[in-house]
Amino acid sequence: MAAQVISISNHKGGVGKTTSVVNLGAGLHQLGKRVLMIDMDPQANLSQSLGIFEPEKSVYTMLRGFCKIEEAMQELELDLQLIPSELDLSGAELELSMEAGREFILKDHINKVKDNFDFILIDCPPSLGLLTINAFTASNQVFFPLQAQFLATQGLKKLLEVIEKVKQRLNQDLEIGGVFITQFDKRKILNRNVKDAIEKHFGDTLFKTVIRENVALAEAPSKQTNIFKYNPKSNGALDYWGLAQEVLERTTVNA
C-alpha cells in the first residue's frame with residue numbers, strides 16, 4: 001500500500017511543528033513503520049535537529065531537477081529516512097515560479113518512492129507560498145499543531161482557505177487529518193481554557209493526545225536526535241508515543 005503523505009503545517013512560528021515531525025516520525029518508526037521525513041523549510045531546522053548541515057543533495061537540488069529523490073534521501077536508521085533542506089531553498093519559489101506544473105513538482109518526486117514507505121511526513125515552512133502549496137498538493141492529509149495559548153487559532157482561517165483552494169484546484173484527495181495541542185501545561189488556567197475552546201471548535205478532528213510542555217523536547221535537538229533516544233522516559237516521549245499510536249489508528253481506520 002502506498003504511503004500516507006502528511007503535511008505538518010502552521011504558518012505561526014514556535015508551535016512545535018518541526019519537533020512534531022521529528023518525534024512523530026520517530027514514534028511511527030518505533031511502531032514498525034517505514035518513514036520518510038521531508039524538510040520543506042529553508043531554515044532547515046528539521047535537518048539540523050537530526051545532525052545534517054549543508055547537505056550536498058537536498059530537497060532544493062531535487063526540486064530543481066539536479067538530483068533524483070533517491071539521491072536526496074539520507075538514511076538515519078533502517079526504514080527511517082530524511083530529505084534535508086538548505087538555505088538555497090529560500091530562492092526556490094522564485095526559481096520555480098515559471099515552471100509548468102510548478103505546484104506538482106514535489107508530488108511527482110514523491111510518487112516515485114511512495115510505495116517504499118508507510119508514512120511520508122512533510123515539515124512545511126511558516127508561509128503559504130509555493131513550497132507549502134507543493135506540500136499540500138502532494139499530501140493526503142494536513143495536521144496542525146496548535147499551542148494552548150490565546151492566539152493559537154489566529155491565522156488558521158487563512159490556512160484553511162488555502163487548503164480548500166488546493167483541494168478544489170490541485171488535489172481533491174486532500175483532507176484535514178487532525179489537530180493536536182502542543183506545549184500544554186495543565187497548571188495554567190489559560191492553557192486549560194484554550195484547550196477547551198480548541199476542543200469545541202475542532203471536535204473529532206482534535207487528537208486526544210496532548211503534547212505537554214517538556215524541557216527534554218527542547219533539549220533533544222541540541223543532541224541532534226529524537227526524544228525517544230534522548231530521554232525515553234520523559235513526558236515528551238510518552239506524549240509523542242501516544243500521538244504516533246493515535247495517528248496509526250486513524251490512518252488504519254480511514255485506509
# chains A, B, ... in the order shown; residues from 1 in each chain; ligands from 1
$ closest_atom_pairs --of "range 153-185 of chain A" --to "range 87-105 of chain A" --cutoff "12 Å" --atoms "only C-alpha atoms" --output "Markdown table"
| residue | atom | partner | partner_atom | distance |
| --- | --- | --- | --- | --- |
| A:Val166 | CA | A:Glu103 | CA | 9.6 |
| A:Arg169 | CA | A:Glu103 | CA | 10.6 |
| A:Leu170 | CA | A:Glu103 | CA | 7.9 |
| A:Asn171 | CA | A:Phe104 | CA | 9.6 |
$ write_last_selection --atoms "C-alpha atoms" --output "mmCIF file, in the first residue's frame"
data_model
loop_
_atom_site.group_PDB
_atom_site.id
_atom_site.type_symbol
_atom_site.label_atom_id
_atom_site.label_comp_id
_atom_site.auth_asym_id
_atom_site.auth_seq_id
_atom_site.Cartn_x
_atom_site.Cartn_y
_atom_site.Cartn_z
ATOM 1 C CA VAL A 166 -5.711 23.340 -3.130
ATOM 2 C CA ARG A 169 -7.952 23.042 -7.902
ATOM 3 C CA LEU A 170 -4.955 20.765 -7.356
ATOM 4 C CA ASN A 171 -5.597 17.817 -5.029
#
$ residues_around --residues "Gly25 in chain A" --least-positions-apart "4" --cutoff "8 Å" --atoms "only C-alpha atoms" --output "tab-separated table (two decimals) with N, CA, C and O atoms, in the first residue's frame"
chain	number	residue	atom	x	y	z
A	20	SER	N	7.45	18.16	16.19
A	20	SER	CA	6.43	17.14	15.95
A	20	SER	C	6.79	16.23	14.78
A	20	SER	O	6.55	15.02	14.84
A	21	VAL	N	7.38	16.79	13.73
A	21	VAL	CA	7.79	15.95	12.59
A	21	VAL	C	8.88	14.97	13.04
A	21	VAL	O	8.80	13.76	12.77
A	29	HIS	N	8.15	5.13	13.40
A	29	HIS	CA	9.23	4.19	13.06
A	29	HIS	C	9.37	3.13	14.15
A	29	HIS	O	9.54	1.94	13.86
A	35	VAL	N	9.35	5.15	7.39
A	35	VAL	CA	9.05	6.59	7.46
A	35	VAL	C	10.08	7.40	6.67
A	35	VAL	O	11.29	7.18	6.78
A	36	LEU	N	9.57	8.34	5.88
A	36	LEU	CA	10.40	9.34	5.21
A	36	LEU	C	9.96	10.72	5.70
A	36	LEU	O	8.76	11.03	5.67
A	37	MET	N	10.90	11.53	6.16
A	37	MET	CA	10.62	12.91	6.55
A	37	MET	C	11.22	13.85	5.50
A	37	MET	O	12.34	13.61	5.03
A	121	LEU	N	6.24	12.29	6.05
A	121	LEU	CA	5.88	13.49	6.83
A	121	LEU	C	6.62	14.69	6.26
A	121	LEU	O	7.85	14.64	6.10
A	244	ALA	N	1.74	9.06	18.05
A	244	ALA	CA	2.07	8.13	16.96
A	244	ALA	C	1.07	6.97	16.90
A	244	ALA	O	0.61	6.59	15.82
$ residues_around --residues "range 47-55 of chain A" --least-positions-apart "2" --cutoff "6 Å" --atoms "only C-alpha atoms" --output "list in words"
Ala44, Asn45, Lys57, Pro84, Pro221, Gln224 and Thr225 of chain A
$ residues_around --residues "Ile227 in chain A" --least-positions-apart "5" --cutoff "7 Å" --atoms "only C-alpha atoms" --output "list in words"
Asn23, Leu217, Ala220, Pro232, Gly236 and Ala237 of chain A
$ write_last_selection --atoms "N, CA and C atoms" --output "tab-separated table (two decimals), in the first residue's frame"
chain	number	residue	atom	x	y	z
A	23	ASN	N	9.61	13.82	16.06
A	23	ASN	CA	9.23	12.84	17.09
A	23	ASN	C	8.03	11.99	16.69
A	217	LEU	N	12.09	17.95	25.31
A	217	LEU	CA	11.79	18.17	23.89
A	217	LEU	C	12.61	19.31	23.31
A	220	ALA	N	16.53	17.90	23.11
A	220	ALA	CA	16.89	16.81	22.18
A	220	ALA	C	17.55	17.31	20.89
A	232	PRO	N	13.86	8.62	26.83
A	232	PRO	CA	12.67	7.81	26.54
A	232	PRO	C	11.63	7.77	27.65
A	236	GLY	N	7.69	14.12	27.17
A	236	GLY	CA	7.71	14.34	25.71
A	236	GLY	C	7.68	13.04	24.94
A	237	ALA	N	8.47	12.06	25.40
A	237	ALA	CA	8.49	10.74	24.74
A	237	ALA	C	7.15	10.03	24.90
$ closest_residue --among "A:Gly155, A:Gly242, A:Gly32, A:Pro42" --to "Leu131 in chain A" --atoms "only C-alpha atoms"
A:Pro42
$ select_by_dssp --residues "range 97-155 of chain A" --states "strand (DSSP E or B)" --output "PyMOL selection string"
chain A and resi 119-123+141-147
$ residues_around --residues "Pro126 in chain A" --least-positions-apart "3" --cutoff "8 Å" --atoms "only C-alpha atoms" --output "mmCIF file with C-alpha atoms, in the first residue's frame"
data_model
loop_
_atom_site.group_PDB
_atom_site.id
_atom_site.type_symbol
_atom_site.label_atom_id
_atom_site.label_comp_id
_atom_site.auth_asym_id
_atom_site.auth_seq_id
_atom_site.Cartn_x
_atom_site.Cartn_y
_atom_site.Cartn_z
ATOM 1 C CA SER A 9 1.747 22.921 8.871
ATOM 2 C CA ASN A 10 1.059 26.123 10.749
ATOM 3 C CA HIS A 11 2.278 29.482 9.482
ATOM 4 C CA LYS A 12 2.511 30.704 13.066
ATOM 5 C CA GLY A 13 6.078 30.067 14.261
ATOM 6 C CA ASP A 41 11.574 24.753 5.288
#
$ closest_residue --among "A:Lys167, A:Lys208, A:Lys68, A:His109" --to "Thr182 in chain A" --atoms "only C-alpha atoms"
A:Lys208
$ residues_around --residues "Phe119 in chain A" --least-positions-apart "5" --cutoff "8 Å" --atoms "only C-alpha atoms" --output "PyMOL selection string"
chain A and resi 3-6+33-36
$ write_last_selection --atoms "N, CA and C atoms" --output "CSV table (one decimal), in the first residue's frame"
chain,number,residue,atom,x,y,z
A,3,ALA,N,2.2,5.1,0.6
A,3,ALA,CA,2.4,5.8,1.9
A,3,ALA,C,1.2,6.8,2.1
A,4,GLN,N,1.0,7.0,3.4
A,4,GLN,CA,0.2,8.2,3.8
A,4,GLN,C,1.1,9.4,3.8
A,5,VAL,N,0.8,10.4,3.0
A,5,VAL,CA,1.6,11.6,2.9
A,5,VAL,C,0.9,12.7,3.7
A,6,ILE,N,1.6,13.2,4.8
A,6,ILE,CA,1.1,14.1,5.8
A,6,ILE,C,1.9,15.3,5.8
A,33,LYS,N,6.9,1.1,11.4
A,33,LYS,CA,6.6,1.7,10.1
A,33,LYS,C,7.8,2.3,9.3
A,34,ARG,N,7.7,2.2,8.0
A,34,ARG,CA,8.8,2.8,7.2
A,34,ARG,C,8.4,4.3,7.0
A,35,VAL,N,9.4,5.1,7.4
A,35,VAL,CA,9.1,6.6,7.5
A,35,VAL,C,10.1,7.4,6.7
A,36,LEU,N,9.6,8.3,5.9
A,36,LEU,CA,10.4,9.3,5.2
A,36,LEU,C,10.0,10.7,5.7
$ residues_around --residues "Lys107 in chain A" --least-positions-apart "3" --cutoff "10 Å" --atoms "only C-alpha atoms" --output "list in words"
Val5, Glu103, Phe104, Ile110, Asn111, Lys112, Lys114, Asn134, Ala135, Phe136, Thr137, Ala138 and Ser139 of chain A
$ select_by_dssp --residues "range 16-161 of chain A" --states "helix (DSSP H, G or I)" --output "VMD selection string"
chain A and resid 17 to 30 45 to 49 59 to 63 69 to 72 87 to 96 102 to 111 114 to 116 130 to 138 156 to 161
$ closest_residue --among "A:Ile120, A:Leu146, A:Leu106, A:Ala26" --to "Leu76 in chain A" --atoms "only C-alpha atoms"
A:Ala26
